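Asker: The following block contains the structure, expressed as structure tokens.
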Amino acid sequence: MATIPLRIDSVVKRFGELTAVAGISLDVQERTCLGLLGPNGAGKSTLIRGIAGRVRLDSGSIEVFGQPADSAAARAELGWAPQELALYPLLTCRENLEAFGQYQGLRGQALRGAIEWCLEWAALADRAGTTVKSLSGGMQRRLNMAAGLIHRPRLVLLDEPTAGVDPQARNRIFEMVEELRTEGTTVIYTTHYMEEAERLCDRIAIVDHGRMIALGTKEELVAQSFGGRSDVLMRFAGTVQNGAEWAALRGGTVEDGVGHFSVEQPTEIASLLDAAARDGLEAIDVTLRRPNLESVFLQLTGRGLRQ
Amino acid sequence: MIAVIVRTGFKALRRDRGAFLLSFILPIAFFSIFATIMGGMGSGSATARVSVLVVDEDRTVVSERLVRGLRREPSLAASTRPATKKGQPIAPEYTAATAEAAVKQGVAPAALIIPKGFGANPVAFGPGTGRQPIRILHDSSDPVAAQMLAGLLQKVVMTSLPDSMASVGMKYFESASGGLTPQQRKDIESNLSKFSDQMRQRDQSANAPPANNGNQAGGMVAIDMRDVVGENKRSPMVAFSAAGIGVMFLLFTASASAGSLLNEAECGTLDRILSARVSMTTLLAGKMTFCALLAFLQLALMFLWGAAVFHLELFTHLPGFLVMTAATSFAVASFGILLATISRSRGQQAALSTLLILTMSAIGGSMFPRFLMPEAMKTAGLFTFNAWAIDGYTKVFWRDEPVSHLAPQVAVLIGSGMLLFLIARRFARKWEYQ
């Protein structure tokens, strides 16, 4: 039986009183891209570090292509681009790649070939001799990814690879990930940008309070959370008196002067508008919005401010 | 507004343990160390005594009394034979040759030879009267010892040979006054004889009190001083300076370069390396090798500079230099790695290393020669790399000793370096897994 790229089985990790991961199980199939989403402090980073073999688990197991995550065999199959810029700032792009390639056991022609591939893939061939500290933020991010993939692993962990970069650089990073997927690499992608997960990932796992609270395709998650319903956003003119009570009577809420309602059919909008007019509320803008991943995320994790 | 700035400054200082340590603990630590060295602490017995090897070639009553006087002098640690080891027969007394060899080996900073014929004419109140001069063979790496010994010798002569001084004084008186009557001469000789008897009785007393501090006016005993270690050296103290200063800066360099471990932990490259095919032991060994090589190059450069500018005899002592530099570099590198692994942040490491290195350098002789320190401080110095490294370099460059004589220094430096590395490996487990 072929081994799957990643198998996470009932993983628990505690830091003192805090349970960072509370029994997560997950399989990731070959040639897929899994989006790992969750608010700050949800346990994502601990899980990612566990997959990279950098966390000693309290219970459960993580296997990479059938090997324990902290084994040498697993490390050879796994590439990791951490959230921090884990690079030597005073070394050039080429020197960084050379160092990390050698740490992965590459030598001679294999190393030189890997460095050239990385520079091309990250669109940094013309900056090979530039020190990292002289690169733009986007270039540093791309080099950070390339350094983690220099040994051409079959499973790749990308931890918020677009944090703090401009739209152009982000677009280039999307292309890099898509290129990896085309080559058949299995990718685990963490991000706080829902549109990135929608664009790049086949399946989404949402983690909160150390537990996995949802897993599926975007469509499956939307259907699980909202069924066939859609969001209606209604903006009112002037200050709405007793707006919250009025919205609550119709199953909605009001935030910042905007009413949020959920409808099964678009025709229900007319009923909402009639009721508003009858009660003296002037609706100046009405939007019908099909729920997306962000809606699911907020629905499942709440709107309260996290860490 | 100024008050706000001051208050903010104190709040920040209170929370920055490193800065707090450097601001308050370091000055107190240094004050204490130097106060101890300068004799500001402890009793008089803690003050350094000058070691001197005494050889009596004269073997007369006078010379034996002088030897006893030297042994009673509280500021001297006089010995006439090497210390006897347990289970070994008593070692023979020093001769002029063995005492000179012992001074060259650093057993004592000076040897005092009482020559044949000294007792016949020991003292004089003026220059040249056919006296046999006492020879002081000294090691000029301790410039204080020989001068102190010469001064103390005059004092000891005054307190242990007063009858000889009186006898000489009478001769001067007789020649200046035109001669004594037979009765006067008889009375004086009788009194001098009684005086000599009293001195003998005092010397034979087991509980003879130590000599009092007296006038150290010189010139009564003729002295011939010779630097037996540095007499052929072109630039005597350069090797000592290079070793002392070099080791102190080596410790700083090793500490700073090993601190890159903390940088790597903070910026994430450590995680990346450890998630590759590199074990923590390999990583630490690599870092330590880098630090040791850097330290080796730094010392080599310093000694080359010493050779080029200050006439340090580097190339004639190359094997010893290489052995000592390799051992010292290994030890300081492991020290740097240990500091990095026990610290939680770069700031903490910087503060801790400054405190420890300056303290070690003060106690270990990088700032202040150890031979001038009280005994307790000398012993404390043995717990520092500085002392062992300086001793080793002194053997190489000052005493021209062969490489095999460096075994104790090399063993201590390599052994303690290995021990520190093992401790560092233990502390580094914090980075292996969360």
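Ligands are numbered from 1 in the order shown, chains are lettered A, B, ... in the order of the structure tokens, and residues start at 1 in each chain.
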Give me, as a list in words, the residues of chain B touching chain A, with the criterion being at most 6 Å (counting only C-alpha atoms).
Answerer: Cys267, Gly268, Thr269, Ala276, Arg277, Tyr433 and Gln434 of chain B
Asker: Give me, as a CSV table (one decimal) with N, CA and C atoms, in the first residue's frame, all polymer residues having an atom no more than 10 Å from segment 259-273 of chain A, counting only C-alpha atoms and skipping those fewer than 4 positions away in the same chain.
Answerer:
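Produced file around-v1.csv, reproduced below:
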```csv
chain,number,residue,atom,x,y,z
A,226,PHE,N,-23.5,27.0,6.1
A,226,PHE,CA,-24.6,27.9,5.7
A,226,PHE,C,-25.7,27.1,5.0
A,227,GLY,N,-25.5,25.9,4.6
A,227,GLY,CA,-26.5,25.2,3.8
A,227,GLY,C,-26.6,26.0,2.4
A,228,GLY,N,-27.8,26.2,2.0
A,228,GLY,CA,-28.0,27.0,0.7
A,228,GLY,C,-28.2,28.4,1.0
A,229,ARG,N,-28.1,28.9,2.2
A,229,ARG,CA,-28.4,30.3,2.5
A,229,ARG,C,-27.3,31.3,2.0
A,230,SER,N,-27.8,32.6,1.8
A,230,SER,CA,-26.9,33.6,1.4
A,230,SER,C,-26.9,34.7,2.4
A,231,ASP,N,-25.9,35.6,2.4
A,231,ASP,CA,-25.8,36.7,3.3
A,231,ASP,C,-26.5,37.9,2.6
A,232,VAL,N,-27.2,38.7,3.4
A,232,VAL,CA,-27.8,40.0,2.8
A,232,VAL,C,-27.2,41.1,3.7
A,233,LEU,N,-26.6,42.0,3.1
A,233,LEU,CA,-26.0,43.2,3.9
A,233,LEU,C,-26.9,44.4,3.5
A,234,MET,N,-27.4,45.1,4.5
A,234,MET,CA,-28.3,46.2,4.3
A,234,MET,C,-27.8,47.4,5.1
A,235,ARG,N,-27.5,48.5,4.3
A,235,ARG,CA,-27.0,49.7,5.0
A,235,ARG,C,-28.2,50.7,5.1
A,236,PHE,N,-28.3,51.3,6.3
A,236,PHE,CA,-29.5,52.2,6.5
A,236,PHE,C,-29.0,53.7,6.5
A,243,GLY,N,-32.2,49.5,16.1
A,243,GLY,CA,-31.9,48.7,14.9
A,243,GLY,C,-31.6,47.2,15.3
A,244,ALA,N,-30.8,47.1,16.4
A,244,ALA,CA,-30.4,45.7,16.8
A,244,ALA,C,-31.7,44.8,17.1
A,246,TRP,N,-34.7,45.4,16.0
A,246,TRP,CA,-35.4,45.2,14.7
A,246,TRP,C,-34.8,44.0,13.9
A,247,ALA,N,-33.4,44.0,13.8
A,247,ALA,CA,-32.7,43.0,13.1
A,247,ALA,C,-32.9,41.6,13.7
A,248,ALA,N,-32.8,41.6,15.1
A,248,ALA,CA,-32.9,40.3,15.8
A,248,ALA,C,-34.2,39.7,15.6
A,250,ARG,N,-35.7,39.6,13.0
A,250,ARG,CA,-35.7,38.9,11.6
A,250,ARG,C,-34.5,38.0,11.5
A,251,GLY,N,-33.9,37.6,12.6
A,251,GLY,CA,-32.8,36.6,12.6
A,251,GLY,C,-31.4,37.3,12.2
A,252,GLY,N,-31.3,38.6,12.3
A,252,GLY,CA,-30.1,39.2,11.8
A,252,GLY,C,-29.4,40.0,13.0
A,253,THR,N,-28.3,40.7,12.6
A,253,THR,CA,-27.5,41.5,13.5
A,253,THR,C,-27.2,42.9,12.8
A,254,VAL,N,-26.8,43.8,13.7
A,254,VAL,CA,-26.4,45.1,13.1
A,254,VAL,C,-25.0,45.5,13.7
A,255,GLU,N,-24.1,45.7,12.7
A,255,GLU,CA,-22.8,46.1,13.1
A,255,GLU,C,-22.4,47.3,12.3
A,277,ALA,N,-39.2,49.6,5.5
A,277,ALA,CA,-39.9,50.8,5.1
A,277,ALA,C,-41.1,51.0,6.1
A,278,ARG,N,-41.8,50.0,6.4
A,278,ARG,CA,-42.9,50.0,7.3
A,278,ARG,C,-42.5,50.6,8.7
A,279,ASP,N,-41.3,50.2,9.1
A,279,ASP,CA,-40.9,50.6,10.5
A,279,ASP,C,-40.0,51.9,10.5
A,281,LEU,N,-37.3,52.7,8.6
A,281,LEU,CA,-35.9,52.6,8.3
A,281,LEU,C,-35.7,52.7,6.8
A,282,GLU,N,-34.7,53.6,6.4
A,282,GLU,CA,-34.5,53.8,5.0
A,282,GLU,C,-33.2,53.0,4.6
A,283,ALA,N,-33.4,52.0,3.8
A,283,ALA,CA,-32.3,51.2,3.3
A,283,ALA,C,-31.7,51.9,2.1
A,286,VAL,N,-28.2,47.6,-0.6
A,286,VAL,CA,-28.5,46.2,-0.2
A,286,VAL,C,-27.6,45.3,-1.1
A,287,THR,N,-26.9,44.4,-0.4
A,287,THR,CA,-26.0,43.5,-1.1
A,287,THR,C,-26.4,42.0,-0.8
A,288,LEU,N,-26.4,41.2,-1.9
A,288,LEU,CA,-26.7,39.8,-1.7
A,288,LEU,C,-25.3,39.1,-1.9
A,289,ARG,N,-24.9,38.4,-0.9
A,289,ARG,CA,-23.5,37.8,-1.0
A,289,ARG,C,-23.5,36.3,-0.6
A,290,ARG,N,-23.0,35.5,-1.6
A,290,ARG,CA,-22.9,34.1,-1.4
A,290,ARG,C,-21.8,33.9,-0.3
A,291,PRO,N,-22.0,33.1,0.7
A,291,PRO,CA,-21.0,32.9,1.8
A,291,PRO,C,-19.7,32.4,1.1
```
Asker: Can you tell me which residues surround segment 292-301 of chain A at a distance of at most 8 Å, considering only C-alpha atoms, apart from same-chain residues fewer than 4 positions away, and format the answer as an mmCIF file with C-alpha atoms, in the first residue's frame?
Answerer:
```
data_model
loop_
_atom_site.group_PDB
_atom_site.id
_atom_site.type_symbol
_atom_site.label_atom_id
_atom_site.label_comp_id
_atom_site.auth_asym_id
_atom_site.auth_seq_id
_atom_site.Cartn_x
_atom_site.Cartn_y
_atom_site.Cartn_z
ATOM 1 C CA GLY A 38 -7.013 29.354 12.264
ATOM 2 C CA PRO A 39 -6.950 32.489 14.391
ATOM 3 C CA MET A 194 -8.803 33.562 2.925
ATOM 4 C CA GLU A 195 -8.617 34.395 -0.775
ATOM 5 C CA GLU A 198 -9.525 29.677 -1.860
ATOM 6 C CA ILE A 206 -9.736 25.121 10.235
ATOM 7 C CA ASP A 208 -9.232 26.627 16.807
ATOM 8 C CA ILE A 213 -13.217 22.290 13.788
ATOM 9 C CA LYS A 218 -14.401 25.253 0.234
ATOM 10 C CA LEU A 221 -17.337 23.980 4.295
ATOM 11 C CA VAL A 222 -19.754 26.610 3.033
ATOM 12 C CA SER A 225 -21.888 26.102 7.751
ATOM 13 C CA PHE A 226 -24.600 27.857 5.736
#
```
Asker: Report the residues of segment 198-432 of chain B whose backbone DSSP state falls under helix (DSSP H, G or I), written as a PyMOL selection string.
Answerer: chain B and resi 198-204+238-258+260-267+269-274+280-310+315-342+346-364+370-372+375-381+385-398+403-427+429-432
Asker: Could you state the separation of atom CA of Ser404 of chain B and atom CA of Ala242 of chain B in Å, given to one decimal place?
Answerer: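 For atom CA of Ser404 of chain B relative to atom CA of Ala242 of chain B, the distance reads 21.8 Å.
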Asker: Which neighbours of Glu175 of chain A fall inside 12 Å, counting only C-alpha atoms, when residues of the same chain fewer than 3 positions from it are skipped, and could you give them as a list in words?
Answerer: Trp121, Ala122, Ala123, Arg142, Gln168, Ala169, Arg170, Asn171, Arg172, Glu178, Glu179, Leu180, Arg181, Thr182, Glu196, Arg199 and Leu200 of chain A
